[in-house]
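Content type mmCIF, C-alpha atoms, from the file entry_2.cif:
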data_final
#
loop_
_atom_site.group_PDB
_atom_site.id
_atom_site.type_symbol
_atom_site.label_atom_id
_atom_site.label_comp_id
_atom_site.auth_asym_id
_atom_site.auth_seq_id
_atom_site.Cartn_x
_atom_site.Cartn_y
_atom_site.Cartn_z
ATOM 1 C CA MET Y 1 83.163 71.546 97.218
ATOM 2 C CA ARG Y 2 81.381 72.604 94.076
ATOM 3 C CA GLY Y 3 78.752 75.242 94.770
ATOM 4 C CA ASP Y 4 79.996 76.392 98.179
ATOM 5 C CA TYR Y 5 82.031 79.435 99.224
ATOM 6 C CA LEU Y 6 85.331 77.720 98.403
ATOM 7 C CA ASP Y 7 84.262 77.056 94.803
ATOM 8 C CA THR Y 8 86.202 79.969 93.330
ATOM 9 C CA LEU Y 9 85.058 79.315 89.755
ATOM 10 C CA GLY Y 10 81.426 79.042 90.872
ATOM 11 C CA PHE Y 11 81.272 82.835 91.355
ATOM 12 C CA ARG Y 12 80.485 83.926 87.807
ATOM 13 C CA ARG Y 13 78.195 86.944 88.223
ATOM 14 C CA LEU Y 14 78.354 90.035 90.409
ATOM 15 C CA ASN Y 15 75.408 91.064 92.528
ATOM 16 C CA ASP Y 16 73.622 94.310 91.704
ATOM 17 C CA PHE Y 17 75.361 97.037 93.661
ATOM 18 C CA SER Y 18 73.557 99.945 91.939
ATOM 19 C CA PRO Y 19 72.139 101.191 95.282
ATOM 20 C CA TYR Y 20 75.794 101.740 96.265
ATOM 21 C CA PRO Y 21 77.259 103.875 93.471
ATOM 22 C CA ALA Y 22 80.783 104.144 94.920
ATOM 23 C CA LEU Y 23 81.014 100.365 95.285
ATOM 24 C CA SER Y 24 79.563 99.860 91.786
ATOM 25 C CA THR Y 25 82.185 102.230 90.376
ATOM 26 C CA LEU Y 26 85.001 100.481 92.245
ATOM 27 C CA LEU Y 27 83.923 96.998 91.162
ATOM 28 C CA GLY Y 28 83.225 98.171 87.614
ATOM 29 C CA GLY Y 29 86.841 99.307 87.322
ATOM 30 C CA PHE Y 30 88.254 95.796 87.585
ATOM 31 C CA ARG Y 31 89.699 94.600 84.299
ATOM 32 C CA ARG Y 32 89.802 90.934 85.294
ATOM 33 C CA PRO Y 33 86.899 88.788 86.536
ATOM 34 C CA ILE Y 34 85.951 89.116 90.195
ATOM 35 C CA SER Y 35 85.314 85.945 92.150
ATOM 36 C CA ARG Y 36 85.020 84.972 95.808
ATOM 37 C CA SER Y 37 84.835 88.319 97.631
ATOM 38 C CA ARG Y 38 83.436 89.586 100.905
ATOM 39 C CA ILE Y 39 83.512 92.207 103.626
ATOM 40 C CA ALA Y 40 85.633 90.874 106.495
ATOM 41 C CA SER Y 41 85.218 92.448 109.926
ATOM 42 C CA LEU Y 42 86.724 92.038 113.352
ATOM 43 C CA PHE Y 43 84.484 93.749 115.848
ATOM 44 C CA GLY Y 44 85.612 95.692 118.921
ATOM 45 C CA VAL Y 45 86.478 94.232 122.307
ATOM 46 C CA SER Y 46 89.170 92.024 120.785
ATOM 47 C CA GLN Y 47 92.039 90.655 122.816
ATOM 48 C CA VAL Y 48 95.632 90.483 121.581
ATOM 49 C CA SER Y 49 96.045 87.585 119.125
ATOM 50 C CA PRO Y 50 98.005 84.691 120.630
ATOM 51 C CA PRO Y 51 101.167 83.988 118.609
ATOM 52 C CA ASP Y 52 99.902 80.609 117.363
ATOM 53 C CA VAL Y 53 96.329 81.560 116.362
ATOM 54 C CA GLY Y 54 94.875 82.486 112.982
ATOM 55 C CA TRP Y 55 97.719 81.519 110.664
ATOM 56 C CA HIS Y 56 96.580 80.156 107.323
ATOM 57 C CA VAL Y 57 97.430 79.794 103.645
ATOM 58 C CA ASP Y 58 94.990 80.429 100.795
ATOM 59 C CA GLU Y 59 95.254 79.668 97.097
ATOM 60 C CA PRO Y 60 98.173 81.224 95.196
ATOM 61 C CA PRO Y 61 97.748 84.602 93.490
ATOM 62 C CA THR Y 62 97.885 82.927 90.074
ATOM 63 C CA THR Y 63 94.585 81.233 90.994
ATOM 64 C CA LEU Y 64 92.859 84.002 92.991
ATOM 65 C CA LEU Y 65 94.556 87.334 93.552
ATOM 66 C CA ARG Y 66 93.392 88.843 96.843
ATOM 67 C CA ILE Y 67 92.970 92.641 97.003
ATOM 68 C CA ASN Y 68 92.262 94.111 100.476
ATOM 69 C CA ILE Y 69 90.756 97.581 100.727
ATOM 70 C CA CYS Y 70 90.528 98.922 104.258
ATOM 71 C CA ILE Y 71 87.129 100.418 105.092
ATOM 72 C CA GLU Y 72 87.862 101.092 108.763
ATOM 73 C CA SER Y 73 90.681 100.154 111.095
ATOM 74 C CA ASP Y 74 93.292 101.511 113.431
ATOM 75 C CA ALA Y 75 96.830 100.617 114.493
ATOM 76 C CA ASP Y 76 95.482 97.920 116.852
ATOM 77 C CA TYR Y 77 95.028 95.618 113.831
ATOM 78 C CA ALA Y 78 97.624 94.453 111.316
ATOM 79 C CA LEU Y 79 98.279 91.938 108.583
ATOM 80 C CA GLU Y 80 101.102 89.626 109.607
ATOM 81 C CA TYR Y 81 103.200 87.214 107.585
ATOM 82 C CA GLN Y 82 104.958 84.512 109.545
ATOM 83 C CA ASP Y 83 108.475 85.712 110.414
ATOM 84 C CA GLY Y 84 107.687 89.132 108.965
ATOM 85 C CA PRO Y 85 106.742 92.559 110.300
ATOM 86 C CA ALA Y 86 103.171 93.512 111.175
ATOM 87 C CA ILE Y 87 101.577 95.682 108.481
ATOM 88 C CA PRO Y 88 98.874 98.052 109.755
ATOM 89 C CA ILE Y 89 96.492 99.284 107.068
ATOM 90 C CA ALA Y 90 94.603 102.569 107.425
ATOM 91 C CA ALA Y 91 91.128 103.339 106.124
ATOM 92 C CA GLY Y 92 91.213 103.913 102.367
ATOM 93 C CA GLU Y 93 94.467 102.036 101.833
ATOM 94 C CA CYS Y 94 94.683 99.037 99.563
ATOM 95 C CA LEU Y 95 97.100 96.150 99.373
ATOM 96 C CA VAL Y 96 97.593 92.870 97.594
ATOM 97 C CA VAL Y 97 97.926 89.998 100.066
ATOM 98 C CA ASN Y 98 100.455 87.254 99.386
ATOM 99 C CA THR Y 99 98.023 84.469 100.258
ATOM 100 C CA ASP Y 100 100.171 81.440 99.490
ATOM 101 C CA VAL Y 101 102.429 82.026 102.490
ATOM 102 C CA GLN Y 102 101.380 81.827 106.157
ATOM 103 C CA HIS Y 103 99.512 85.006 107.079
ATOM 104 C CA ARG Y 104 96.822 86.294 109.414
ATOM 105 C CA VAL Y 105 95.027 89.362 110.642
ATOM 106 C CA ALA Y 106 96.210 90.038 114.169
ATOM 107 C CA VAL Y 107 95.028 92.198 117.033
ATOM 108 C CA ARG Y 108 98.204 93.840 118.318
ATOM 109 C CA HIS Y 109 96.678 95.686 121.295
ATOM 110 C CA PRO Y 110 93.398 95.153 123.173
ATOM 111 C CA SER Y 111 90.881 97.042 121.084
ATOM 112 C CA ILE Y 112 87.328 98.326 121.175
ATOM 113 C CA SER Y 113 87.458 99.459 117.540
ATOM 114 C CA THR Y 114 86.279 97.584 114.454
ATOM 115 C CA ARG Y 115 88.401 96.508 111.512
ATOM 116 C CA SER Y 116 86.518 96.049 108.228
ATOM 117 C CA HIS Y 117 88.074 95.282 104.863
ATOM 118 C CA LEU Y 118 86.621 94.731 101.445
ATOM 119 C CA VAL Y 119 88.362 91.532 100.289
ATOM 120 C CA ILE Y 120 88.127 91.221 96.516
ATOM 121 C CA GLY Y 121 89.182 88.035 94.771
ATOM 122 C CA VAL Y 122 90.331 88.514 91.187
ATOM 123 C CA LEU Y 123 91.019 85.811 88.601
ATOM 124 C CA PRO Y 124 94.131 87.157 86.858
ATOM 125 C CA TRP Y 125 94.656 84.386 84.300
ATOM 126 C CA LEU Y 126 91.083 83.419 83.407
ATOM 127 C CA ASP Y 127 88.292 84.894 81.305
ATOM 128 C CA TYR Y 128 84.633 83.973 81.616
ATOM 129 C CA ASP Y 129 82.453 83.294 78.582
ATOM 130 C CA ALA Y 130 78.856 83.888 79.733
ATOM 131 C CA ASP Y 131 77.366 82.442 76.528
ATOM 132 C CA GLN Y 132 79.175 79.137 77.077
ATOM 133 C CA ASP Y 133 79.143 79.388 80.892
ATOM 134 C CA ALA Y 134 82.803 78.429 80.742
ATOM 135 C CA TRP Y 135 86.214 79.655 81.838
ATOM 136 C CA ARG Y 136 89.248 79.836 79.570
ATOM 137 C CA LEU Y 137 92.876 80.814 80.000
ATOM 138 C CA ASN Y 138 93.561 84.377 78.875
ATOM 139 C CA ASP Y 139 96.549 85.972 77.135
ATOM 140 C CA PHE Y 140 98.214 86.787 80.479
ATOM 141 C CA TYR Y 141 98.368 83.121 81.537
ATOM 142 C CA GLY Y 142 101.968 82.171 82.301
ATOM 143 C CA ARG Y 143 103.270 85.377 80.696
ATOM 144 C CA ILE Y 144 102.920 87.953 83.459
ATOM 145 C CA HIS Y 145 102.755 87.442 87.199
ATOM 146 C CA PRO Y 146 99.572 88.727 88.854
ATOM 147 C CA TYR Y 147 101.589 91.122 91.051
ATOM 148 C CA ASP Y 148 103.084 92.650 87.906
ATOM 149 C CA MET Y 149 99.571 92.847 86.450
ATOM 150 C CA VAL Y 150 98.596 95.002 89.455
ATOM 151 C CA ARG Y 151 101.647 97.238 88.999
ATOM 152 C CA GLU Y 152 100.872 97.697 85.295
ATOM 153 C CA GLY Y 153 97.198 98.557 85.867
ATOM 154 C CA LEU Y 154 95.964 95.345 84.232
ATOM 155 C CA ILE Y 155 93.843 94.387 87.272
ATOM 156 C CA HIS Y 156 92.357 97.822 88.055
ATOM 157 C CA ALA Y 157 93.519 101.212 86.816
ATOM 158 C CA GLY Y 158 92.966 102.900 90.178
ATOM 159 C CA LEU Y 159 94.808 100.479 92.451
#
Re-express the file's structure as structure tokens.
Amino acid sequence: MRGDYLDTLGFRRLNDFSPYPALSTLLGGFRRPISRSRIASLFGVSQVSPPDVGWHVDEPPTTLLRINICIESDADYALEYQDGPAIPIAAGECLVVNTDVQHRVAVRHPSISTRSHLVIGVLPWLDYDADQDAWRLNDFYGRIHPYDMVREGLIHAGL
């Protein structure tokens, strides 16, 4: 729906994060537009995830590339891809999530800890023209895969 959280192209301006200099520096280092982003937390006293719960697919990385930066976690939590190994992520680590295949965050052991991630959505193939309030395809469109853009430092030099 236009204007709600799922309206990826509706997120055209970043909030003012100047009271948080480290976050401002991190976000300022992105070389592509940032869109639908959030802090995602699972709070303590979680039970083990049932095998059939939480699986989902999001938009493909060519539409919105999802960067996860772990703020706090422990080995009780992991990213899982269907039919793949569990991937625990430690505080300070960063990964690109393949969102167009079945995936979930799972609790692997009963836990009293909290898992918090900064989930940053990046638009790899679009540029925003603030004067026109319009999006346009950029020079990377169809030429370089978003995962390769990450590897080459075209999304963020420090990731």
Shell of 12 Å around Y:Asp76, all atoms listed in the file, local chain residues under 2 positions omitted, as an mmCIF file with C-alpha atoms, in the coordinates of the input:
data_model
loop_
_atom_site.group_PDB
_atom_site.id
_atom_site.type_symbol
_atom_site.label_atom_id
_atom_site.label_comp_id
_atom_site.auth_asym_id
_atom_site.auth_seq_id
_atom_site.Cartn_x
_atom_site.Cartn_y
_atom_site.Cartn_z
ATOM 1 C CA LEU Y 42 86.724 92.038 113.352
ATOM 2 C CA PHE Y 43 84.484 93.749 115.848
ATOM 3 C CA GLY Y 44 85.612 95.692 118.921
ATOM 4 C CA VAL Y 45 86.478 94.232 122.307
ATOM 5 C CA SER Y 46 89.170 92.024 120.785
ATOM 6 C CA GLN Y 47 92.039 90.655 122.816
ATOM 7 C CA VAL Y 48 95.632 90.483 121.581
ATOM 8 C CA SER Y 49 96.045 87.585 119.125
ATOM 9 C CA GLU Y 72 87.862 101.092 108.763
ATOM 10 C CA SER Y 73 90.681 100.154 111.095
ATOM 11 C CA ASP Y 74 93.292 101.511 113.431
ATOM 12 C CA ALA Y 78 97.624 94.453 111.316
ATOM 13 C CA LEU Y 79 98.279 91.938 108.583
ATOM 14 C CA ALA Y 86 103.171 93.512 111.175
ATOM 15 C CA ILE Y 87 101.577 95.682 108.481
ATOM 16 C CA PRO Y 88 98.874 98.052 109.755
ATOM 17 C CA ILE Y 89 96.492 99.284 107.068
ATOM 18 C CA ALA Y 90 94.603 102.569 107.425
ATOM 19 C CA VAL Y 105 95.027 89.362 110.642
ATOM 20 C CA ALA Y 106 96.210 90.038 114.169
ATOM 21 C CA VAL Y 107 95.028 92.198 117.033
ATOM 22 C CA ARG Y 108 98.204 93.840 118.318
ATOM 23 C CA HIS Y 109 96.678 95.686 121.295
ATOM 24 C CA PRO Y 110 93.398 95.153 123.173
ATOM 25 C CA SER Y 111 90.881 97.042 121.084
ATOM 26 C CA ILE Y 112 87.328 98.326 121.175
ATOM 27 C CA SER Y 113 87.458 99.459 117.540
ATOM 28 C CA THR Y 114 86.279 97.584 114.454
ATOM 29 C CA ARG Y 115 88.401 96.508 111.512
#
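If you measure from each of Y:Leu95, Y:Ile67, Y:Ala22, Y:Leu126 to Y:Leu9 using all atoms listed in the file, the closest one turns out to be Y:Leu126.
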Going by the chain IDs and residue numbers used in this file, which residues fall under the PyMOL selection byres ((chain Y and resi 92) around 8)? Write them as an NGL selection string.
:Y and (69-72 or 90-91 or 93-94)
I'd like the residues picked by the PyMOL selection byres ((chain Y and resi 37) around 9) written out as a ChimeraX atom specification, using the chain letters and numbers from the file.
/Y:34-36,38-39,66,118-122
Selected residue of minimal separation from Y:His103 among Y:Val53, Y:Ala75, Y:Ile144, Y:Leu137, counting all atoms listed in the file:
Y:Val53
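Relative to atom CA of Y:Thr25, atom CA of Y:Trp125 is found at 22.6 Å.
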Might you spell out which residues the PyMOL selection byres ((chain Y and resi 155) around 12) would select in the displayed file, as JSON, numbers by chain?
{"Y": [26, 27, 28, 29, 30, 31, 32, 33, 34, 64, 65, 66, 67, 96, 120, 121, 122, 123, 124, 125, 126, 140, 144, 145, 146, 147, 148, 149, 150, 151, 152, 153, 154, 156, 157, 158, 159]}
Distance of atom CA of Y:Asn98 from atom CA of Y:His56, expressed in Å to one decimal place
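If I compute the distance from atom CA of Y:His56 to atom CA of Y:Asn98, I get 11.3 Å.
Between atom CA of Y:Ala130 and atom CA of Y:Arg12 there is a distance of 8.2 Å.
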Here is a test: counting all atoms listed in the file, which residue of Y:Asp83, Y:Ala40, Y:Gly10, Y:Thr62 is nearest to Y:Ala134?
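Using all atoms listed in the file, the shortest distance to Y:Ala134 belongs to Y:Gly10.
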Box along x, y and z, 4 Å on every side, all listed atoms of stretch 71-82 of chain Y inside: centre and edge lengths in Å to one decimal, as JSON.
{"center_x": 96.0, "center_y": 93.0, "center_z": 111.0, "size_x": 25.8, "size_y": 25.0, "size_z": 19.8}
Using all atoms listed in the file, determine which residues lie at most 6 Å from Y:Val57, disregarding the query and same-chain residues fewer than 3 positions distant; provide the list as a list in words.
Thr99, Asp100, Val101 and Gln102 of chain Y
Between Y:Tyr81, Y:His117, Y:Arg104, Y:Gly3, single out the one closest to Y:Asn68, counting all atoms listed in the file.
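Using all atoms listed in the file, Y:Asn68 sits closest to Y:His117.
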